[in-house]
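Enquirer: This is data-v9.txt, which holds compact mmCIF, C-alpha atoms and all ligand atoms:
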# COMPACT_ATOMS: atom_id res chain seq x y z
CA MET A 1 0.00 0.00 0.00
CA ALA A 2 1.37 3.42 -0.98
CA HIS A 3 1.00 5.12 2.42
CA ALA A 4 2.63 2.19 4.24
CA LYS A 5 5.57 2.42 1.81
CA LEU A 6 5.80 6.17 2.34
CA MET A 7 5.83 5.79 6.15
CA ASP A 8 8.45 3.01 5.94
CA GLY A 9 10.52 5.34 3.76
CA VAL A 10 10.21 8.23 6.23
CA TYR A 11 11.11 6.05 9.22
CA ALA A 12 13.57 3.42 7.92
CA ARG A 13 16.50 5.49 9.22
CA GLN A 14 14.67 8.01 11.44
CA ARG A 15 13.44 5.26 13.76
CA HIS A 16 16.96 4.86 15.13
CA ILE A 17 17.07 8.46 16.39
CA TYR A 18 13.32 8.98 16.76
CA ASP A 19 12.97 8.76 20.55
CA LEU A 20 16.05 10.90 21.19
CA THR A 21 15.04 13.70 18.82
CA ARG A 22 11.22 13.76 19.13
CA LYS A 23 11.25 14.40 22.85
CA TYR A 24 12.10 18.02 22.00
CA TYR A 25 9.15 18.69 19.74
CA LEU A 26 6.36 16.11 20.14
CA LEU A 27 5.13 18.05 23.15
CA GLY A 28 2.26 17.01 25.39
CA ARG A 29 2.62 13.25 24.92
CA ASP A 30 3.11 12.52 28.63
CA ARG A 31 0.14 14.68 29.49
CA ALA A 32 -1.98 12.68 27.02
CA ILE A 33 -0.81 9.43 28.66
CA SER A 34 -1.80 10.81 32.07
CA GLU A 35 -5.28 11.55 30.69
CA LEU A 36 -5.88 7.91 29.70
CA THR A 37 -6.70 6.72 33.27
CA PRO A 38 -7.85 3.22 32.23
CA PRO A 39 -9.58 1.08 34.88
CA SER A 40 -7.65 -1.62 36.68
CA GLY A 41 -7.53 -4.72 34.44
CA GLY A 42 -8.47 -2.60 31.42
CA HIS A 43 -7.26 -2.50 27.83
CA VAL A 44 -5.69 0.45 26.01
CA LEU A 45 -5.04 0.82 22.28
CA GLU A 46 -2.54 3.24 20.76
CA ILE A 47 -3.26 3.95 17.09
CA GLY A 48 -0.04 4.87 15.26
CA CYS A 49 2.20 3.70 18.09
CA GLY A 50 5.50 4.25 16.26
CA THR A 51 8.53 3.16 18.30
CA GLY A 52 6.40 2.12 21.28
CA ARG A 53 7.67 5.01 23.42
CA ASN A 54 4.20 5.94 24.68
CA LEU A 55 3.15 2.33 25.21
CA ILE A 56 6.17 1.68 27.44
CA ILE A 57 5.61 4.83 29.52
CA ALA A 58 1.88 4.08 29.82
CA ALA A 59 2.49 0.43 30.72
CA ARG A 60 4.72 1.57 33.59
CA GLN A 61 2.20 4.20 34.69
CA TYR A 62 -0.73 1.74 34.64
CA PRO A 63 0.85 -1.55 35.75
CA ASP A 64 -2.33 -3.68 35.77
CA VAL A 65 -3.53 -2.72 32.28
CA THR A 66 -2.94 -4.50 28.96
CA PHE A 67 -1.75 -2.42 26.01
CA HIS A 68 -2.20 -2.82 22.27
CA GLY A 69 -0.47 -0.82 19.57
CA LEU A 70 -0.96 -0.66 15.83
CA ASP A 71 1.02 1.13 13.17
CA ILE A 72 1.13 1.08 9.38
CA SER A 73 4.94 1.09 9.29
CA SER A 74 6.64 -2.26 9.77
CA GLU A 75 9.91 -0.35 10.23
CA MET A 76 8.53 1.52 13.25
CA LEU A 77 7.01 -1.68 14.60
CA SER A 78 10.32 -3.49 14.48
CA THR A 79 11.86 -0.77 16.69
CA ALA A 80 8.79 -0.94 18.97
CA ARG A 81 9.08 -4.72 19.26
CA SER A 82 12.73 -4.64 20.29
CA SER A 83 12.31 -1.66 22.70
CA ILE A 84 9.36 -3.39 24.39
CA ALA A 85 11.24 -6.69 24.64
CA LYS A 86 14.29 -4.90 26.07
CA VAL A 87 12.26 -3.59 29.02
CA GLY A 88 10.47 -6.91 29.54
CA LEU A 89 6.97 -5.70 28.62
CA SER A 90 6.25 -7.97 25.63
CA GLU A 91 3.65 -9.94 27.63
CA ARG A 92 1.64 -6.79 28.39
CA ILE A 93 2.03 -4.84 25.12
CA ARG A 94 0.79 -6.42 21.91
CA LEU A 95 1.59 -4.97 18.49
CA ALA A 96 0.07 -5.27 15.04
CA CYS A 97 0.63 -3.79 11.60
CA ALA A 98 -2.53 -2.09 10.30
CA ASP A 99 -4.00 1.04 8.75
CA ALA A 100 -5.63 3.37 11.29
CA ALA A 101 -8.46 4.16 8.88
CA ARG A 102 -9.54 0.56 8.30
CA PHE A 103 -8.52 -2.01 10.88
CA ASP A 104 -10.39 -4.88 12.44
CA ALA A 105 -9.58 -4.83 16.16
CA GLY A 106 -11.11 -8.28 16.66
CA GLU A 107 -8.79 -9.77 14.04
CA LEU A 108 -5.71 -7.92 15.30
CA PHE A 109 -6.13 -8.18 19.05
CA GLY A 110 -9.08 -10.50 19.70
CA ARG A 111 -11.26 -7.72 21.15
CA GLN A 112 -13.61 -5.16 19.61
CA THR A 113 -13.42 -2.39 22.23
CA PHE A 114 -10.93 -0.66 24.51
CA ASP A 115 -11.18 1.35 27.73
CA ALA A 116 -8.90 4.01 26.32
CA VAL A 117 -7.52 4.87 22.89
CA LEU A 118 -4.50 7.10 22.31
CA MET A 119 -3.69 8.94 19.07
CA SER A 120 -0.44 10.81 19.57
CA TYR A 121 0.97 12.87 16.69
CA THR A 122 -0.67 10.43 14.31
CA LEU A 123 -3.69 12.25 12.87
CA SER A 124 -1.32 14.78 11.28
CA MET A 125 0.30 11.94 9.31
CA ILE A 126 -2.79 10.06 8.16
CA PRO A 127 -4.34 11.41 4.92
CA PRO A 128 -7.90 10.23 5.76
CA TRP A 129 -7.42 11.50 9.34
CA ASP A 130 -11.15 12.00 9.83
CA GLN A 131 -11.83 8.31 9.05
CA ALA A 132 -9.06 7.32 11.47
CA LEU A 133 -10.60 9.45 14.22
CA GLN A 134 -14.05 7.93 13.56
CA LYS A 135 -12.48 4.49 13.70
CA GLY A 136 -10.79 5.31 17.02
CA ILE A 137 -14.09 6.44 18.55
CA SER A 138 -15.88 3.36 17.20
CA VAL A 139 -13.65 0.97 19.19
CA LEU A 140 -14.25 2.68 22.56
CA SER A 141 -16.12 0.76 25.23
CA ASP A 142 -19.22 2.48 26.66
CA ASN A 143 -17.21 4.25 29.36
CA GLY A 144 -14.13 4.49 27.18
CA LYS A 145 -12.08 7.57 26.45
CA LEU A 146 -10.12 8.61 23.36
CA VAL A 147 -7.22 11.00 23.91
CA PHE A 148 -5.43 12.72 21.04
CA VAL A 149 -2.47 15.06 21.02
CA ASP A 150 -1.08 16.62 17.86
CA PHE A 151 0.30 19.70 16.16
CA TRP A 152 -2.17 22.56 16.08
CA ASP A 153 -2.56 25.95 14.35
CA GLN A 154 0.38 27.71 16.07
CA SER A 155 -1.84 30.78 16.31
CA GLY A 156 -0.03 32.13 19.38
CA LEU A 157 3.42 31.89 17.79
CA PRO A 158 5.13 34.56 15.65
CA GLY A 159 4.34 34.37 11.90
CA TRP A 160 7.92 33.55 10.87
CA SER A 161 8.13 30.57 13.27
CA ARG A 162 4.79 29.23 11.97
CA LEU A 163 6.17 29.33 8.44
CA VAL A 164 9.43 27.61 9.37
CA LEU A 165 7.59 24.94 11.36
CA ARG A 166 5.13 24.21 8.51
CA LYS A 167 7.97 23.88 5.96
CA TRP A 168 9.87 21.59 8.27
CA LEU A 169 6.80 19.42 9.01
CA ASP A 170 6.19 19.13 5.23
CA LEU A 171 9.52 17.31 4.95
CA PHE A 172 8.12 14.55 7.15
CA HIS A 173 4.67 14.50 5.46
CA VAL A 174 3.11 15.99 8.59
CA ALA A 175 0.18 18.40 8.24
CA PRO A 176 -1.59 19.97 11.25
CA ARG A 177 -5.31 19.29 10.70
CA GLU A 178 -7.33 22.46 10.34
CA GLY A 179 -10.71 21.94 11.89
CA LEU A 180 -9.58 19.07 14.13
CA GLY A 181 -11.35 20.58 17.15
CA GLU A 182 -14.67 21.04 15.32
CA VAL A 183 -14.53 17.64 13.62
CA ALA A 184 -13.68 15.89 16.91
CA HIS A 185 -16.59 17.68 18.58
CA ASP A 186 -19.01 16.66 15.76
CA PHE A 187 -17.87 13.03 15.78
CA ALA A 188 -18.16 12.89 19.57
CA MET A 189 -21.75 14.19 19.36
CA GLN A 190 -22.62 11.63 16.65
CA HIS A 191 -21.48 8.87 19.03
CA GLY A 192 -23.34 10.38 22.01
CA ARG A 193 -20.10 11.52 23.64
CA ASN A 194 -18.44 14.79 24.72
CA CYS A 195 -15.23 16.33 23.44
CA LEU A 196 -12.86 18.57 25.39
CA PHE A 197 -10.31 20.33 23.20
CA ASP A 198 -7.41 22.41 24.54
CA PRO A 199 -4.70 24.26 22.64
CA LEU A 200 -1.28 23.72 24.30
CA TYR A 201 1.90 25.82 24.23
CA ARG A 202 0.40 28.86 22.45
CA GLY A 203 -1.26 26.68 19.82
CA TYR A 204 1.85 24.67 18.98
CA ALA A 205 -0.10 21.53 19.89
CA CYS A 206 -3.57 20.51 21.00
CA LEU A 207 -4.96 17.93 23.38
CA GLY A 208 -8.40 16.42 22.91
CA THR A 209 -10.44 14.04 25.01
CA ILE A 210 -13.57 12.28 23.77
CA ARG A 211 -15.61 10.34 26.31
C1 LIG B 1 4.93 11.04 14.41
S1 LIG B 1 4.75 9.31 14.62
C2 LIG B 1 4.05 9.22 16.25
C3 LIG B 1 4.40 7.93 16.93
C4 LIG B 1 3.92 7.84 18.39
N1 LIG B 1 2.48 7.87 18.47
C5 LIG B 1 4.51 8.93 19.23
O1 LIG B 1 3.76 9.74 19.81
O2 LIG B 1 5.75 8.98 19.36
C6 LIG B 1 3.37 8.92 13.59
C7 LIG B 1 3.14 7.42 13.46
O3 LIG B 1 1.90 7.22 12.76
C8 LIG B 1 2.07 6.11 11.88
N2 LIG B 1 1.05 6.20 10.83
C9 LIG B 1 0.97 7.08 9.81
N3 LIG B 1 -0.09 6.81 9.04
C10 LIG B 1 -0.71 5.73 9.60
C11 LIG B 1 -1.86 4.96 9.26
N4 LIG B 1 -2.62 5.26 8.19
N5 LIG B 1 -2.20 3.92 10.04
C12 LIG B 1 -1.45 3.60 11.14
N6 LIG B 1 -0.34 4.27 11.49
C13 LIG B 1 0.03 5.32 10.73
C14 LIG B 1 3.50 6.29 11.37
O4 LIG B 1 4.00 5.11 10.80
C15 LIG B 1 4.23 6.71 12.64
O5 LIG B 1 4.72 5.61 13.35
Translate this structure into structure tokens?
Expert:
Amino acid sequence: MAHAKLMDGVYARQRHIYDLTRKYYLLGRDRAISELTPPSGGHVLEIGCGTGRNLIIAARQYPDVTFHGLDISSEMLSTARSSIAKVGLSERIRLACADAARFDAGELFGRQTFDAVLMSYTLSMIPPWDQALQKGISVLSDNGKLVFVDFWDQSGLPGWSRLVLRKWLDLFHVAPREGLGEVAHDFAMQHGRNCLFDPLYRGYACLGTIR
């Protein structure tokens, strides 16, 4: 599939320096993990889990919860697999290769719903991001919660820095999603849920919670 190939191309080398470099600009990820608050014995899915960085932090934060991660890039998943094995969490974190816009959770993980779903800096890399968000909401259990964190409109930053940031994100096929807040709110309503949406760091990023 073309998008899988593109993502493998972006990350084939980047995955080796990903965790070291991204901690400086994928802001708000730990806050999103803290928002997950799954119940004891619960199940959490990260859509677009990349190197497994968030899954490992979350698994340590919520020690009696089982984690599941999917990603379209087999390159990223191979880094995730070895990082998770290295810290001895392979029993509690399951991984699968799949497209966020059209996956079958039952087939991948043997369950249809999750107590919490995380989408961290993923919507900005998925062309049909609205379908992926719908899909994420559709696999929530009744009391489940979807948390997303991503680049936002940078409206509080100086014009020149917005321009530089956009050009730089283009290089990685990343596009902040205009209208993410409104779309998330509409989708939440359609599913009988609420959406809280907060700009972070002067609009550099945003954090959303659908429950
Ligand atoms: C910027 S990384 C974020 C990784 C991780 N969530 C984090 O916060 O560090 C974006 C991830 O989304 C994945 N991705 C992009 N398009 C996808 C799709 N259609 N389905 C599943 N994963 C996708 C990429 O392969 C990549 O691993």
Enquirer: Using only C-alpha atoms and all ligand atoms, which of the listed residues (A:Met189, A:Met125, A:Leu20, A:Leu180) sits closest to ligand LIG 1 (chain B)?
Expert: A:Met125
Enquirer: Can you work out which one of A:Ser83, A:Gln112, A:Gln61, A:Ser124 has the shortest atom-to-atom distance to ligand LIG 1 (chain B), counting only C-alpha atoms and all ligand atoms?
Expert: A:Ser124
Enquirer: Give the residue list for ligand LIG 1 (chain B) at 7 Å, counting all atoms listed in the file, as a VMD selection string, sorted by chain and then by residue number.
Expert: chain A and resid 3 7 to 8 26 29 47 to 54 70 to 73 76 98 to 101 119 to 122 125 to 126
Enquirer: Mind writing the picked residues with C-alpha atoms as a PDB file, in the frame of the given file?
Expert:
ATOM      1  CA  HIS A   3       1.000   5.120   2.420  1.00  0.00           C
ATOM      2  CA  MET A   7       5.830   5.790   6.150  1.00  0.00           C
ATOM      3  CA  ASP A   8       8.450   3.010   5.940  1.00  0.00           C
ATOM      4  CA  LEU A  26       6.360  16.110  20.140  1.00  0.00           C
ATOM      5  CA  ARG A  29       2.620  13.250  24.920  1.00  0.00           C
ATOM      6  CA  ILE A  47      -3.260   3.950  17.090  1.00  0.00           C
ATOM      7  CA  GLY A  48      -0.040   4.870  15.260  1.00  0.00           C
ATOM      8  CA  CYS A  49       2.200   3.700  18.090  1.00  0.00           C
ATOM      9  CA  GLY A  50       5.500   4.250  16.260  1.00  0.00           C
ATOM     10  CA  THR A  51       8.530   3.160  18.300  1.00  0.00           C
ATOM     11  CA  GLY A  52       6.400   2.120  21.280  1.00  0.00           C
ATOM     12  CA  ARG A  53       7.670   5.010  23.420  1.00  0.00           C
ATOM     13  CA  ASN A  54       4.200   5.940  24.680  1.00  0.00           C
ATOM     14  CA  LEU A  70      -0.960  -0.660  15.830  1.00  0.00           C
ATOM     15  CA  ASP A  71       1.020   1.130  13.170  1.00  0.00           C
ATOM     16  CA  ILE A  72       1.130   1.080   9.380  1.00  0.00           C
ATOM     17  CA  SER A  73       4.940   1.090   9.290  1.00  0.00           C
ATOM     18  CA  MET A  76       8.530   1.520  13.250  1.00  0.00           C
ATOM     19  CA  ALA A  98      -2.530  -2.090  10.300  1.00  0.00           C
ATOM     20  CA  ASP A  99      -4.000   1.040   8.750  1.00  0.00           C
ATOM     21  CA  ALA A 100      -5.630   3.370  11.290  1.00  0.00           C
ATOM     22  CA  ALA A 101      -8.460   4.160   8.880  1.00  0.00           C
ATOM     23  CA  MET A 119      -3.690   8.940  19.070  1.00  0.00           C
ATOM     24  CA  SER A 120      -0.440  10.810  19.570  1.00  0.00           C
ATOM     25  CA  TYR A 121       0.970  12.870  16.690  1.00  0.00           C
ATOM     26  CA  THR A 122      -0.670  10.430  14.310  1.00  0.00           C
ATOM     27  CA  MET A 125       0.300  11.940   9.310  1.00  0.00           C
ATOM     28  CA  ILE A 126      -2.790  10.060   8.160  1.00  0.00           C
TER      29      ILE A 126
END
Enquirer: Report the distance between CA of Ser82 in chain A and CA of Tyr24 in chain A in Å, rounded to one decimal place.
Expert: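 Value for the CA of Ser82 in chain A-CA of Tyr24 in chain A distance: 22.7 Å.
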Enquirer: Using Å and a single decimal, report how far CA of Val139 in chain A sits from CA of Glu91 in chain A.
Expert: 22.1 Å
Enquirer: Give me, please, the distance in Å between CA of Ser161 in chain A and CA of Asp30 in chain A, quoted to one decimal.
Expert: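 We find that CA of Ser161 in chain A and CA of Asp30 in chain A lie 24.2 Å from each other.
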Enquirer: Rank A:Glu75, A:Asp115, A:Asp64, A:Glu178 by their smallest atom-to-atom distance to Glu46 in chain A, using only C-alpha atoms, and report the top residue only.
Expert: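 Closest to Glu46 in chain A of all the choices is A:Asp115.
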Enquirer: From the set A:Leu89, A:Val149, A:Leu95, A:Ile56, which residue has the shortest atom-to-atom contact distance to Gly203 in chain A, counting all atoms listed in the file?
Expert: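 Result for the nearest residue to Gly203 in chain A: A:Val149.
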Enquirer: Please list as a ChimeraX atom specification every residue within 10 Å of Tyr25 in chain A, counting all atoms listed in the file and excluding residues in the same chain fewer than 6 positions away.
Expert: /A:151,204-205
Enquirer: Write out as an mmCIF file with C-alpha atoms, keeping the file's coordinate frame each polymer residue whose atoms come within 9 Å of Ser40 in chain A, counting all atoms listed in the file; drop sequence neighbours fewer than 2 positions from it.
Expert:
data_model
loop_
_atom_site.group_PDB
_atom_site.id
_atom_site.type_symbol
_atom_site.label_atom_id
_atom_site.label_comp_id
_atom_site.auth_asym_id
_atom_site.auth_seq_id
_atom_site.Cartn_x
_atom_site.Cartn_y
_atom_site.Cartn_z
ATOM 1 C CA PRO A 38 -7.850 3.220 32.230
ATOM 2 C CA GLY A 42 -8.470 -2.600 31.420
ATOM 3 C CA HIS A 43 -7.260 -2.500 27.830
ATOM 4 C CA TYR A 62 -0.730 1.740 34.640
ATOM 5 C CA PRO A 63 0.850 -1.550 35.750
ATOM 6 C CA ASP A 64 -2.330 -3.680 35.770
ATOM 7 C CA VAL A 65 -3.530 -2.720 32.280
#
Enquirer: Give me, as a list of chain:residue names, all polymer residues having an atom no more than 10 Å from Gly179 in chain A, counting all atoms listed in the file and skipping those fewer than 5 positions away in the same chain.
Expert: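 Everything that qualifies: A:Trp152, A:Asp153, A:Ala184, A:His185.
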Enquirer: Do you know which residues are at most 12 Å from Asp186 in chain A counting only C-alpha atoms, after dropping those on the same chain fewer than 6 positions away, and could you put them as a PDB file with C-alpha atoms, keeping the file's coordinate frame?
Expert:
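Dumped to result_8.pdb:
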ATOM      1  CA  ASP A 130     -11.150  12.000   9.830  1.00  0.00           C
ATOM      2  CA  LEU A 133     -10.600   9.450  14.220  1.00  0.00           C
ATOM      3  CA  GLN A 134     -14.050   7.930  13.560  1.00  0.00           C
ATOM      4  CA  ILE A 137     -14.090   6.440  18.550  1.00  0.00           C
ATOM      5  CA  GLY A 179     -10.710  21.940  11.890  1.00  0.00           C
ATOM      6  CA  LEU A 180      -9.580  19.070  14.130  1.00  0.00           C
ATOM      7  CA  GLY A 192     -23.340  10.380  22.010  1.00  0.00           C
ATOM      8  CA  ARG A 193     -20.100  11.520  23.640  1.00  0.00           C
ATOM      9  CA  ASN A 194     -18.440  14.790  24.720  1.00  0.00           C
ATOM     10  CA  CYS A 195     -15.230  16.330  23.440  1.00  0.00           C
ATOM     11  CA  LEU A 196     -12.860  18.570  25.390  1.00  0.00           C
ATOM     12  CA  ILE A 210     -13.570  12.280  23.770  1.00  0.00           C
TER      13      ILE A 210
END
Enquirer: A:Arg202, A:Arg177, A:His191, A:Lys135: which is nearest Leu157 in chain A, counting all atoms listed in the file?
Expert: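 Closest residue, counting all atoms listed in the file: A:Arg202.
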Enquirer: Which one is closest to Ile17 in chain A: A:Thr37, A:Trp168, A:Thr79, A:Ile93? Count all atoms listed in the file.
Expert: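 Answer, going by the shortest atom-to-atom distance: A:Thr79.
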